[in-house]
>>> print(open('model.tsv').read())   # TSV, C-alpha atoms and all ligand atoms
chain	number	residue	atom	x	y	z
A	19	MET	CA	-2.11	9.77	22.59
A	20	LYS	CA	1.43	8.87	21.58
A	21	PRO	CA	1.69	6.79	18.41
A	22	LEU	CA	2.47	3.17	19.07
A	23	VAL	CA	5.96	2.57	17.76
A	24	ILE	CA	7.87	-0.65	17.27
A	25	ARG	CA	10.97	0.22	19.26
A	26	LYS	CA	12.96	-2.95	18.72
A	27	ALA	CA	12.84	-6.07	16.65
A	28	GLY	CA	15.17	-9.02	16.19
A	29	ALA	CA	15.61	-12.62	15.18
A	30	ARG	CA	17.58	-15.61	16.34
A	31	ILE	CA	17.89	-19.32	15.73
A	32	TRP	CA	15.80	-21.44	18.07
A	33	ARG	CA	16.71	-25.07	18.66
A	34	ALA	CA	15.27	-27.87	20.75
A	35	LYS	CA	15.91	-31.56	21.08
A	36	LEU	CA	13.14	-33.92	20.04
A	37	SER	CA	12.18	-36.96	22.08
A	38	ALA	CA	12.52	-39.12	18.93
A	39	PRO	CA	13.13	-38.46	15.23
A	40	PHE	CA	9.96	-37.37	13.41
A	41	SER	CA	9.90	-39.50	10.24
A	42	THR	CA	7.54	-39.06	7.31
A	43	ALA	CA	7.56	-40.13	3.66
A	44	LYS	CA	9.24	-36.83	2.76
A	45	GLY	CA	12.11	-36.97	5.23
A	46	ARG	CA	12.75	-36.60	8.93
A	47	HIS	CA	13.46	-34.11	11.69
A	48	ASP	CA	16.08	-35.09	14.26
A	49	LEU	CA	16.08	-31.68	15.88
A	50	LEU	CA	13.80	-28.69	15.96
A	51	GLU	CA	15.69	-25.84	14.35
A	52	ASN	CA	13.54	-22.78	13.77
A	53	VAL	CA	13.94	-19.01	13.78
A	54	LEU	CA	12.39	-16.86	16.50
A	55	PHE	CA	11.36	-13.28	15.77
A	56	PHE	CA	10.29	-10.55	18.16
A	57	VAL	CA	9.02	-6.99	18.10
A	58	GLU	CA	8.90	-4.65	21.07
A	59	LEU	CA	6.63	-1.63	21.40
A	60	SER	CA	7.61	1.72	22.82
A	61	GLY	CA	5.79	0.77	26.04
A	62	GLY	CA	7.92	-2.37	26.43
A	63	ILE	CA	5.36	-4.97	25.37
A	64	ARG	CA	6.92	-7.77	23.31
A	65	GLY	CA	5.35	-10.05	20.72
A	66	PHE	CA	6.89	-13.24	19.36
A	67	GLY	CA	6.65	-15.18	16.14
A	68	GLU	CA	8.24	-18.42	15.01
A	69	ALA	CA	9.38	-19.55	11.57
A	70	ALA	CA	9.40	-23.34	11.36
A	71	VAL	CA	11.90	-24.34	8.72
A	72	ALA	CA	10.98	-27.63	7.03
A	73	THR	CA	13.74	-27.82	4.41
A	74	HIS	CA	12.79	-31.33	3.27
A	75	ILE	CA	9.22	-30.20	2.55
A	76	THR	CA	9.41	-26.60	1.35
A	77	GLY	CA	13.07	-26.12	0.41
A	78	GLU	CA	13.37	-23.16	2.81
A	79	THR	CA	16.56	-23.02	4.86
A	80	VAL	CA	17.53	-21.70	8.28
A	81	PRO	CA	20.22	-19.25	6.98
A	82	GLU	CA	17.81	-17.78	4.41
A	83	THR	CA	15.01	-17.47	6.98
A	84	LEU	CA	17.33	-15.86	9.54
A	85	LYS	CA	18.63	-13.42	6.93
A	86	ASN	CA	15.10	-12.42	5.91
A	87	LEU	CA	13.95	-12.02	9.49
A	88	LYS	CA	16.99	-9.90	10.39
A	89	GLU	CA	16.09	-7.70	7.45
A	90	ALA	CA	12.44	-7.62	8.59
A	91	ALA	CA	13.63	-6.54	12.05
A	92	ARG	CA	15.51	-3.62	10.52
A	93	GLN	CA	12.46	-2.70	8.44
A	94	ALA	CA	9.99	-2.96	11.32
A	95	ALA	CA	11.97	-1.00	13.91
A	96	GLY	CA	10.78	2.59	14.07
A	97	ARG	CA	7.49	1.91	12.28
A	98	SER	CA	4.16	2.46	13.96
A	99	LEU	CA	2.09	-0.60	14.84
A	100	PRO	CA	-0.95	0.44	12.75
A	101	GLU	CA	1.34	0.03	9.74
A	102	PHE	CA	1.08	-3.72	10.35
A	103	PRO	CA	-0.59	-4.51	6.98
A	104	GLU	CA	2.08	-2.59	5.05
A	105	ILE	CA	4.90	-4.25	6.99
A	106	ALA	CA	3.41	-7.69	6.29
A	107	GLU	CA	2.86	-6.88	2.63
A	108	GLN	CA	6.46	-5.70	2.20
A	109	CYS	CA	7.76	-8.85	3.87
A	110	LYS	CA	5.61	-10.96	1.58
A	111	GLU	CA	7.11	-9.33	-1.49
A	112	LYS	CA	10.64	-9.45	-0.18
A	113	PHE	CA	10.61	-13.01	1.18
A	114	GLY	CA	9.23	-14.71	-1.96
A	115	LYS	CA	8.85	-18.41	-1.24
A	116	ASN	CA	10.18	-18.09	2.31
A	117	LYS	CA	6.67	-18.26	3.77
A	118	CYS	CA	7.70	-19.39	7.22
A	119	ALA	CA	9.53	-16.06	7.64
A	120	LEU	CA	6.34	-14.22	6.72
A	121	ALA	CA	4.42	-16.36	9.22
A	122	ALA	CA	6.88	-15.37	11.97
A	123	VAL	CA	6.54	-11.64	11.25
A	124	GLU	CA	2.74	-11.74	11.12
A	125	MET	CA	2.58	-13.90	14.24
A	126	ALA	CA	4.79	-11.51	16.21
A	127	LEU	CA	2.82	-8.47	15.05
A	128	LEU	CA	-0.52	-10.12	15.91
A	129	ASP	CA	0.88	-11.24	19.26
A	130	VAL	CA	2.09	-7.76	20.18
A	131	LEU	CA	-1.08	-6.09	18.89
A	132	THR	CA	-3.37	-8.36	20.90
A	133	ARG	CA	-1.11	-8.09	23.95
A	134	HIS	CA	-1.30	-4.33	23.66
A	135	LYS	CA	-5.10	-4.53	23.44
A	136	LYS	CA	-5.08	-6.96	26.39
A	137	MET	CA	-7.04	-9.52	24.43
A	138	PRO	CA	-6.28	-13.14	23.58
A	139	LEU	CA	-5.27	-13.78	19.97
A	140	TRP	CA	-8.35	-15.93	19.26
A	141	ARG	CA	-10.47	-12.78	19.54
A	142	ALA	CA	-8.91	-11.58	16.29
A	143	PHE	CA	-10.63	-14.53	14.58
A	144	GLY	CA	-13.92	-15.01	16.43
A	145	THR	CA	-16.16	-14.35	19.39
A	146	ARG	CA	-15.49	-17.37	21.60
A	147	PRO	CA	-12.71	-19.93	21.91
A	148	ARG	CA	-13.75	-23.48	21.01
A	149	THR	CA	-12.03	-26.26	22.90
A	150	LEU	CA	-9.79	-28.26	20.58
A	151	ARG	CA	-8.75	-31.88	20.91
A	152	THR	CA	-5.60	-32.75	19.04
A	153	ASP	CA	-4.68	-36.06	17.52
A	154	MET	CA	-1.23	-37.53	17.99
A	155	THR	CA	0.97	-38.85	15.23
A	156	VAL	CA	2.48	-42.28	14.79
A	157	VAL	CA	5.55	-41.61	12.66
A	158	LEU	CA	7.05	-44.04	10.14
A	159	GLY	CA	8.73	-47.10	11.63
A	160	ASP	CA	8.16	-50.83	11.92
A	161	VAL	CA	5.05	-52.61	13.20
A	162	THR	CA	6.35	-52.85	16.77
A	163	ASP	CA	7.12	-49.10	16.78
A	164	ALA	CA	3.57	-48.43	15.58
A	165	GLU	CA	2.07	-50.62	18.28
A	166	THR	CA	4.17	-49.07	21.04
A	167	ALA	CA	3.36	-45.53	19.88
A	168	ALA	CA	-0.36	-46.21	19.53
A	169	ARG	CA	-0.57	-47.70	23.04
A	170	ALA	CA	1.28	-44.70	24.46
A	171	ILE	CA	-1.13	-42.32	22.72
A	172	LEU	CA	-4.13	-44.17	24.11
A	173	ARG	CA	-2.57	-44.20	27.61
A	174	ARG	CA	-2.12	-40.46	27.65
A	175	GLY	CA	-5.80	-40.01	26.88
A	176	ILE	CA	-5.61	-38.81	23.28
A	177	ARG	CA	-8.52	-40.11	21.26
A	178	SER	CA	-7.55	-39.62	17.61
A	179	PHE	CA	-4.61	-41.17	15.81
A	180	LYS	CA	-2.73	-39.79	12.84
A	181	VAL	CA	-0.63	-42.36	11.02
A	182	LYS	CA	2.20	-41.46	8.68
A	183	ILE	CA	2.24	-43.73	5.66
A	184	GLY	CA	3.49	-43.50	2.08
A	185	ARG	CA	6.90	-45.15	2.07
A	186	ASN	CA	6.20	-48.88	2.12
A	187	PHE	CA	2.77	-50.11	1.00
A	188	GLY	CA	2.88	-53.54	2.64
A	189	LEU	CA	4.42	-52.40	5.89
A	190	ASP	CA	2.10	-49.38	6.07
A	191	LEU	CA	-0.89	-51.66	5.72
A	192	LYS	CA	0.28	-53.77	8.66
A	193	ARG	CA	1.04	-50.67	10.74
A	194	VAL	CA	-2.38	-49.13	10.10
A	195	ALA	CA	-4.09	-52.44	10.92
A	196	VAL	CA	-2.30	-52.68	14.27
A	197	ILE	CA	-3.01	-49.06	15.14
A	198	ALA	CA	-6.69	-49.27	14.11
A	199	LYS	CA	-7.11	-52.26	16.41
A	200	ILE	CA	-5.66	-50.34	19.35
A	201	ALA	CA	-7.66	-47.23	18.41
A	202	GLY	CA	-10.93	-49.16	18.55
A	203	LYS	CA	-13.70	-46.64	17.97
A	204	CYS	CA	-11.32	-43.66	17.93
A	205	PRO	CA	-10.79	-42.08	14.50
A	206	VAL	CA	-7.67	-42.85	12.52
A	207	TYR	CA	-6.27	-40.26	10.10
A	208	LEU	CA	-3.76	-41.24	7.44
A	209	ASP	CA	-1.08	-38.96	6.03
A	210	ALA	CA	0.96	-40.20	3.06
A	211	ASN	CA	2.94	-36.97	2.65
A	212	GLN	CA	2.85	-37.35	-1.18
A	213	GLY	CA	4.27	-40.87	-0.98
A	214	PHE	CA	1.71	-42.76	-3.09
A	215	THR	CA	0.19	-42.55	-6.54
A	216	ALA	CA	-3.59	-42.33	-6.96
A	217	VAL	CA	-3.77	-45.99	-8.02
A	218	GLN	CA	-1.71	-47.10	-5.01
A	219	THR	CA	-3.87	-45.01	-2.69
A	220	LEU	CA	-7.10	-46.48	-4.03
A	221	LYS	CA	-5.65	-49.95	-3.61
A	222	PHE	CA	-4.49	-49.13	-0.09
A	223	LEU	CA	-7.95	-47.94	0.88
A	224	LYS	CA	-9.50	-51.04	-0.67
A	225	GLU	CA	-7.17	-53.28	1.33
A	226	LEU	CA	-8.12	-51.40	4.49
A	227	ALA	CA	-11.82	-51.75	3.67
A	228	ARG	CA	-11.29	-55.49	3.43
A	229	LEU	CA	-9.97	-55.33	7.00
A	230	LYS	CA	-13.02	-53.22	7.92
A	231	ILE	CA	-10.84	-50.18	8.53
A	232	ARG	CA	-12.21	-46.83	7.38
A	233	PRO	CA	-9.86	-43.92	8.00
A	234	ALA	CA	-11.65	-40.68	8.91
A	235	VAL	CA	-9.44	-38.82	6.45
A	236	ILE	CA	-6.50	-39.44	4.14
A	237	GLU	CA	-4.10	-36.57	3.80
A	238	GLN	CA	-1.99	-35.73	0.76
A	239	PRO	CA	-1.87	-39.20	-0.77
A	240	VAL	CA	-0.14	-38.06	-3.96
A	241	SER	CA	2.60	-35.69	-5.03
A	242	LYS	CA	1.67	-32.03	-4.49
A	243	GLY	CA	1.53	-31.19	-8.20
A	244	ASP	CA	-0.61	-34.22	-9.07
A	245	TRP	CA	-4.01	-32.51	-9.04
A	246	GLU	CA	-5.53	-35.13	-11.30
A	247	GLY	CA	-4.38	-37.87	-8.94
A	248	LEU	CA	-5.80	-36.05	-5.94
A	249	ALA	CA	-9.14	-35.60	-7.71
A	250	LYS	CA	-9.12	-39.25	-8.77
A	251	VAL	CA	-8.76	-40.45	-5.16
A	252	THR	CA	-11.52	-38.04	-4.13
A	253	ARG	CA	-13.82	-39.26	-6.93
A	254	GLU	CA	-13.16	-42.96	-6.75
A	255	SER	CA	-12.90	-43.63	-3.03
A	256	LYS	CA	-15.33	-43.15	-0.19
A	257	ALA	CA	-12.60	-41.60	1.91
A	258	LEU	CA	-12.39	-37.92	2.74
A	259	VAL	CA	-9.25	-36.59	1.07
A	260	CYS	CA	-7.39	-33.70	2.69
A	261	ALA	CA	-4.93	-31.60	0.71
A	262	ASP	CA	-1.87	-30.45	2.64
A	263	GLU	CA	1.23	-29.83	0.51
A	264	SER	CA	-0.96	-29.22	-2.60
A	265	VAL	CA	-2.52	-26.14	-1.01
A	266	ALA	CA	0.20	-23.61	-0.28
A	267	SER	CA	-1.60	-20.48	-1.53
A	268	ILE	CA	-5.06	-19.00	-1.97
A	269	GLU	CA	-4.81	-19.84	-5.69
A	270	ASP	CA	-4.24	-23.49	-4.81
A	271	ALA	CA	-7.30	-23.40	-2.54
A	272	LYS	CA	-9.41	-21.91	-5.34
A	273	ARG	CA	-8.19	-24.58	-7.72
A	274	LEU	CA	-9.05	-27.31	-5.24
A	275	ILE	CA	-12.59	-25.97	-4.93
A	276	LYS	CA	-13.02	-25.57	-8.70
A	277	GLU	CA	-11.67	-29.00	-9.56
A	278	LYS	CA	-13.29	-30.69	-6.55
A	279	ALA	CA	-9.86	-32.20	-5.94
A	280	ALA	CA	-10.32	-32.82	-2.21
A	281	GLY	CA	-12.90	-32.45	0.52
A	282	ALA	CA	-10.61	-30.93	3.14
A	283	ILE	CA	-7.60	-28.63	3.48
A	284	ASN	CA	-4.87	-28.72	6.09
A	285	ILE	CA	-4.31	-25.09	7.13
A	286	LYS	CA	-0.77	-24.30	8.26
A	287	PHE	CA	0.67	-20.85	8.95
A	288	MET	CA	4.08	-21.91	7.66
A	289	LYS	CA	2.77	-22.58	4.14
A	290	THR	CA	1.15	-19.19	3.59
A	291	GLY	CA	1.70	-16.84	6.51
A	292	VAL	CA	-0.97	-16.17	9.14
A	293	LEU	CA	-3.22	-13.75	7.26
A	294	LYS	CA	-3.49	-15.91	4.14
A	295	ALA	CA	-4.11	-18.99	6.26
A	296	TYR	CA	-7.10	-17.18	7.75
A	297	GLU	CA	-8.28	-16.17	4.28
A	298	ILE	CA	-7.96	-19.74	2.95
A	299	ALA	CA	-9.84	-21.11	5.95
A	300	CYS	CA	-12.70	-18.62	5.42
A	301	LEU	CA	-12.84	-19.42	1.69
A	302	ALA	CA	-12.90	-23.17	2.37
A	303	LYS	CA	-15.68	-22.79	4.94
A	304	ARG	CA	-17.80	-20.84	2.47
A	305	HIS	CA	-17.46	-23.69	-0.02
A	306	GLY	CA	-18.18	-26.53	2.37
A	307	ILE	CA	-14.58	-27.74	2.42
A	308	LYS	CA	-13.62	-29.31	5.73
A	309	LEU	CA	-10.69	-27.97	7.68
A	310	MET	CA	-7.71	-29.40	9.48
A	311	ILE	CA	-5.42	-27.20	11.53
A	312	GLY	CA	-1.83	-28.39	11.36
A	313	THR	CA	1.76	-27.31	11.90
A	314	MET	CA	5.29	-28.23	10.92
A	315	MET	CA	7.78	-29.12	13.67
A	316	GLU	CA	7.00	-26.11	15.85
A	317	THR	CA	7.32	-25.13	19.49
A	318	PRO	CA	4.28	-24.41	21.68
A	319	LEU	CA	4.58	-20.75	20.61
A	320	ALA	CA	3.60	-21.27	16.97
A	321	VAL	CA	1.41	-24.29	17.70
A	322	THR	CA	-0.64	-22.33	20.22
A	323	ALA	CA	-0.89	-19.46	17.73
A	324	ALA	CA	-2.41	-21.95	15.27
A	325	ALA	CA	-4.76	-23.17	18.01
A	326	HIS	CA	-5.99	-19.57	18.42
A	327	LEU	CA	-7.04	-19.46	14.76
A	328	ALA	CA	-8.90	-22.77	14.93
A	329	ALA	CA	-10.47	-21.99	18.32
A	330	GLY	CA	-11.55	-18.49	17.31
A	331	LEU	CA	-12.76	-19.19	13.79
A	332	GLY	CA	-14.28	-22.61	14.48
A	333	GLY	CA	-15.27	-25.23	11.93
A	334	PHE	CA	-12.06	-27.27	12.16
A	335	ASP	CA	-13.01	-30.94	12.11
A	336	PHE	CA	-9.45	-32.16	12.41
A	337	VAL	CA	-6.90	-30.88	14.87
A	338	ASP	CA	-3.29	-31.87	14.34
A	339	LEU	CA	-1.45	-29.79	16.91
A	340	ASP	CA	0.69	-32.47	18.50
A	341	ALA	CA	4.18	-31.08	17.75
A	342	PRO	CA	4.78	-29.99	21.39
A	343	PHE	CA	4.47	-33.63	22.45
A	344	PHE	CA	7.58	-34.49	20.43
A	345	MET	CA	9.84	-31.96	22.14
A	346	ALA	CA	12.31	-33.22	24.70
A	347	GLU	CA	13.12	-29.73	26.02
A	348	LYS	CA	10.89	-27.03	27.35
A	349	ILE	CA	11.91	-23.78	25.69
A	350	THR	CA	8.68	-21.83	26.20
A	351	ARG	CA	6.58	-20.57	29.10
A	352	GLY	CA	2.78	-20.74	29.15
A	353	ASN	CA	0.91	-23.94	28.38
A	354	PHE	CA	-2.66	-24.39	27.21
A	355	VAL	CA	-2.66	-28.02	26.18
A	356	THR	CA	-3.14	-30.96	28.51
A	357	ARG	CA	-1.32	-34.26	28.32
A	358	SER	CA	-4.46	-35.72	26.77
A	359	GLY	CA	-4.36	-33.18	23.96
A	360	VAL	CA	-7.03	-30.68	24.99
A	361	TYR	CA	-6.38	-27.07	24.02
A	362	ASP	CA	-8.39	-24.67	26.15
A	363	LEU	CA	-7.60	-21.03	25.41
A	364	HIS	CA	-10.15	-19.52	27.81
A	365	LYS	CA	-7.35	-18.76	30.24
A	366	VAL	CA	-5.17	-16.84	27.76
A	367	ARG	CA	-5.28	-13.26	28.93
A	368	ALA	CA	-3.40	-11.56	26.10
A	369	GLY	CA	-1.73	-12.48	22.82
A	370	ILE	CA	-0.73	-16.06	22.13
A	371	GLY	CA	-0.12	-16.66	25.83
A	372	VAL	CA	3.14	-18.50	25.19
A	373	VAL	CA	6.56	-16.85	25.24
A	374	PRO	CA	10.11	-18.15	24.80
A	375	HIS	CA	12.08	-18.93	27.93
A	376	SER	CA	14.69	-16.26	28.22
A	377	ARG	CA	18.13	-17.77	28.44
A	378	PRO	CA	21.26	-15.72	28.92
A	379	GLY	CA	23.77	-15.79	26.10
A	380	LEU	CA	21.21	-16.03	23.32
A	381	GLU	CA	21.79	-13.07	21.09
A	382	TRP	CA	19.18	-11.43	18.93
A	383	GLU	CA	20.57	-10.77	15.49
A	384	GLY	CA	19.63	-7.83	13.34
A	385	GLU	CA	18.23	-6.11	16.40
A	386	GLU	CA	17.61	-2.45	15.96
A	387	VAL	CA	17.27	-0.35	19.07
A	388	LEU	CA	15.93	3.14	18.59
A	401	MG	MG	0.37	-33.49	6.30
>>> encode(input="model.tsv", output="structure tokens")
Amino acid sequence: MKPLVIRKAGARIWRAKLSAPFSTAKGRHDLLENVLFFVELSGGIRGFGEAAVATHITGETVPETLKNLKEAARQAAGRSLPEFPEIAEQCKEKFGKNKCALAAVEMALLDVLTRHKKMPLWRAFGTRPRTLRTDMTVVLGDVTDAETAARAILRRGIRSFKVKIGRNFGLDLKRVAVIAKIAGKCPVYLDANQGFTAVQTLKFLKELARLKIRPAVIEQPVSKGDWEGLAKVTRESKALVCADESVASIEDAKRLIKEKAAGAINIKFMKTGVLKAYEIACLAKRHGIKLMIGTMMETPLAVTAAAHLAAGLGGFDFVDLDAPFFMAEKITRGNFVTRSGVYDLHKVRAGIGVVPHSRPGLEWEGEEVL
């Protein structure tokens, strides 16, 4: 049998308009601007990966990510596919903190490998695909914005609400109250994106309790380095605390477990790469830590890849895979999520099942053709 060789690889910037700005306590996205990476095998099968660049959260930039992925393309071309672990390891060393670039390389390699094996990506993580039901996010805004967004979410059939908070205590309280009323019995998740202190968070939760509102989870209430604050909220409130920005490595996850700093972790490929995300999820499960699957501002390609991990591995109590609902343009083919937020991956035949729309005039940079 001929060895399976990566014949081509390349990267390019990938942009899409959003239906509305995505505002959080840490900044906002007006446009999706990511980097797309591909590898092609000697037989012609292609795999795709996406690096979602969230400069205001991680400090990574599009030029740096593109440069790294062009370099990765040059490194990958000509290598054999079974060298996947070595290629990923080299990228990890070379990219440093540019984790979204690593995520794109690993995603593309996993996509092409599972396409080659004619199996859906979830099979790499488990034996059956669980059906996932995503929440939908109400971004920062005024009370009327919150009400309008919550009603729209309910109308489309989504039954869990994620509310961005953390910039304005009083306004946030009013927004959450309005949304909780519309949500009725549906769970409400809060995400402060590091915007509060521990004392503010405890007060916020107390105020909500007075209104008989109990969020199902509160995500990253305090600054990512404030481990003591995170642990304080966990200790002193009845709420389930989920660490997002605080857990960006396996070491962070171990620290969280040791210090009992939070009861849940938001797993995102872009923080750690795909392989480490899997490792962190397995570690958390072993220690009884609850799991959320989340993404940055990503297209259905990377979001569906994340869905494969959660569906295959199982044990994810919180599903935050709503980014595709914020895109005003369709730049991918293949869709496994319904309008009401149900991800069903049973029908994926091979790989992620989602590919970029090919559009003429879009050049792949750093492409090596052997
Ligand atoms: Mg978050």
>>> closest_residue(input="model.tsv", among="A:Ile183, A:Ile370, A:Ala227, A:Val265", to="Trp245 (chain A)", atoms="only C-alpha atoms")
A:Val265
>>> closest_residue(input="model.tsv", among="A:Thr322, A:Thr219, A:Ser376, A:Thr83", to="Leu150 (chain A)", atoms="all atoms listed in the file")
A:Thr322
>>> atom_distance(input="model.tsv", atom1="CA of Phe222 (chain A)", atom2="CA of Leu274 (chain A)")
22.9 Å
>>> residues_around(input="model.tsv", residues="Val259 (chain A)", least_positions_apart="6", cutoff="12 Å", atoms="all atoms listed in the file", output="ChimeraX atom specification")
/A:207-210,216,219-220,223,233-240,247-253,274,278-284,307-310
>>> closest_residue(input="model.tsv", among="A:Glu89, A:Asp129, A:Asp270, A:Glu82", to="Ile63 (chain A)", atoms="only C-alpha atoms")
A:Asp129
>>> residues_around(input="model.tsv", residues="region 337-345 of chain A", least_positions_apart="4", cutoff="7 Å", atoms="all atoms listed in the file", output="ChimeraX atom specification")
/A:34-38,150-154,310-313,315-318,321
>>> closest_residue(input="model.tsv", among="A:Val156, A:Leu128, A:Lys180, A:Leu54", to="Arg141 (chain A)", atoms="only C-alpha atoms")
A:Leu128
>>> residues_around(input="model.tsv", residues="Thr356 (chain A)", least_positions_apart="3", cutoff="10 Å", atoms="only C-alpha atoms", output="JSON, numbers by chain")
{"A": [151, 152, 174, 175, 176, 353, 359, 360, 361, 362]}
>>> residues_around(input="model.tsv", residues="Ile298 (chain A)", least_positions_apart="6", cutoff="8 Å", atoms="all atoms listed in the file", output="PyMOL selection string")
chain A and resi 267-268+271+285
>>> atom_distance(input="model.tsv", atom1="CA of Gln212 (chain A)", atom2="CA of His74 (chain A)")
12.4 Å
>>> atom_distance(input="model.tsv", atom1="CA of Ala328 (chain A)", atom2="CA of Phe143 (chain A)")
8.4 Å
>>> residues_around(input="model.tsv", residues="Val57 (chain A)", least_positions_apart="3", cutoff="7 Å", atoms="all atoms listed in the file", output="list of chain:residue names")
A:Ile24, A:Lys26, A:Ala27, A:Gly28, A:Arg64, A:Gly65, A:Phe66, A:Ala126
>>> closest_residue(input="model.tsv", among="A:Lys88, A:Trp140, A:Phe214, A:Arg169", to="Val366 (chain A)", atoms="all atoms listed in the file")
A:Trp140
>>> closest_residue(input="model.tsv", among="A:Lys272, A:Arg30, A:Arg193, A:Lys286", to="ligand MG 401 (chain A)", atoms="only C-alpha atoms and all ligand atoms")
A:Lys286
>>> closest_atom_pairs(input="model.tsv", of="region 123-226 of chain A", to="region 97-110 of chain A", cutoff="9 Å", atoms="all atoms listed in the file", output="CSV")
residue,atom,partner,partner_atom,distance
A:Val123,CA,A:Ala106,CA,7.1
A:Glu124,CA,A:Ala106,CA,6.3
A:Leu127,CA,A:Phe102,CA,6.9
A:Leu128,CA,A:Phe102,CA,8.6
A:Val130,CA,A:Leu99,CA,8.9
A:Leu131,CA,A:Leu99,CA,7.5
>>> decode(input="model.tsv", residues="region 359-370 of chain A", atoms="N, CA and C atoms", output="compact mmCIF listing (two decimals), in the first residue's frame")
# COMPACT_ATOMS: atom_id res chain seq x y z
N GLY A 359 -31.62 24.78 17.31
CA GLY A 359 -30.39 24.53 18.06
C GLY A 359 -30.04 23.08 18.33
N VAL A 360 -30.63 22.16 17.57
CA VAL A 360 -30.33 20.74 17.79
C VAL A 360 -29.21 20.29 16.84
N TYR A 361 -28.14 19.79 17.41
CA TYR A 361 -27.05 19.22 16.62
C TYR A 361 -27.24 17.71 16.58
N ASP A 362 -27.42 17.18 15.38
CA ASP A 362 -27.54 15.74 15.22
C ASP A 362 -26.50 15.29 14.20
N LEU A 363 -25.48 14.61 14.68
CA LEU A 363 -24.36 14.25 13.81
C LEU A 363 -24.47 12.84 13.23
N HIS A 364 -25.63 12.20 13.45
CA HIS A 364 -25.81 10.85 12.89
C HIS A 364 -25.59 10.82 11.38
N LYS A 365 -25.96 11.93 10.74
CA LYS A 365 -25.92 11.92 9.27
C LYS A 365 -24.55 12.29 8.70
N VAL A 366 -23.59 12.63 9.55
CA VAL A 366 -22.25 12.95 9.02
C VAL A 366 -21.63 11.64 8.54
N ARG A 367 -21.23 11.62 7.29
CA ARG A 367 -20.66 10.38 6.77
C ARG A 367 -19.16 10.28 7.00
N ALA A 368 -18.47 11.43 6.87
CA ALA A 368 -17.01 11.40 7.04
C ALA A 368 -16.51 12.76 7.49
N GLY A 369 -15.52 12.73 8.37
CA GLY A 369 -14.89 13.97 8.83
C GLY A 369 -15.84 14.84 9.63
N ILE A 370 -15.62 16.15 9.53
CA ILE A 370 -16.48 17.10 10.25
C ILE A 370 -17.85 17.17 9.57
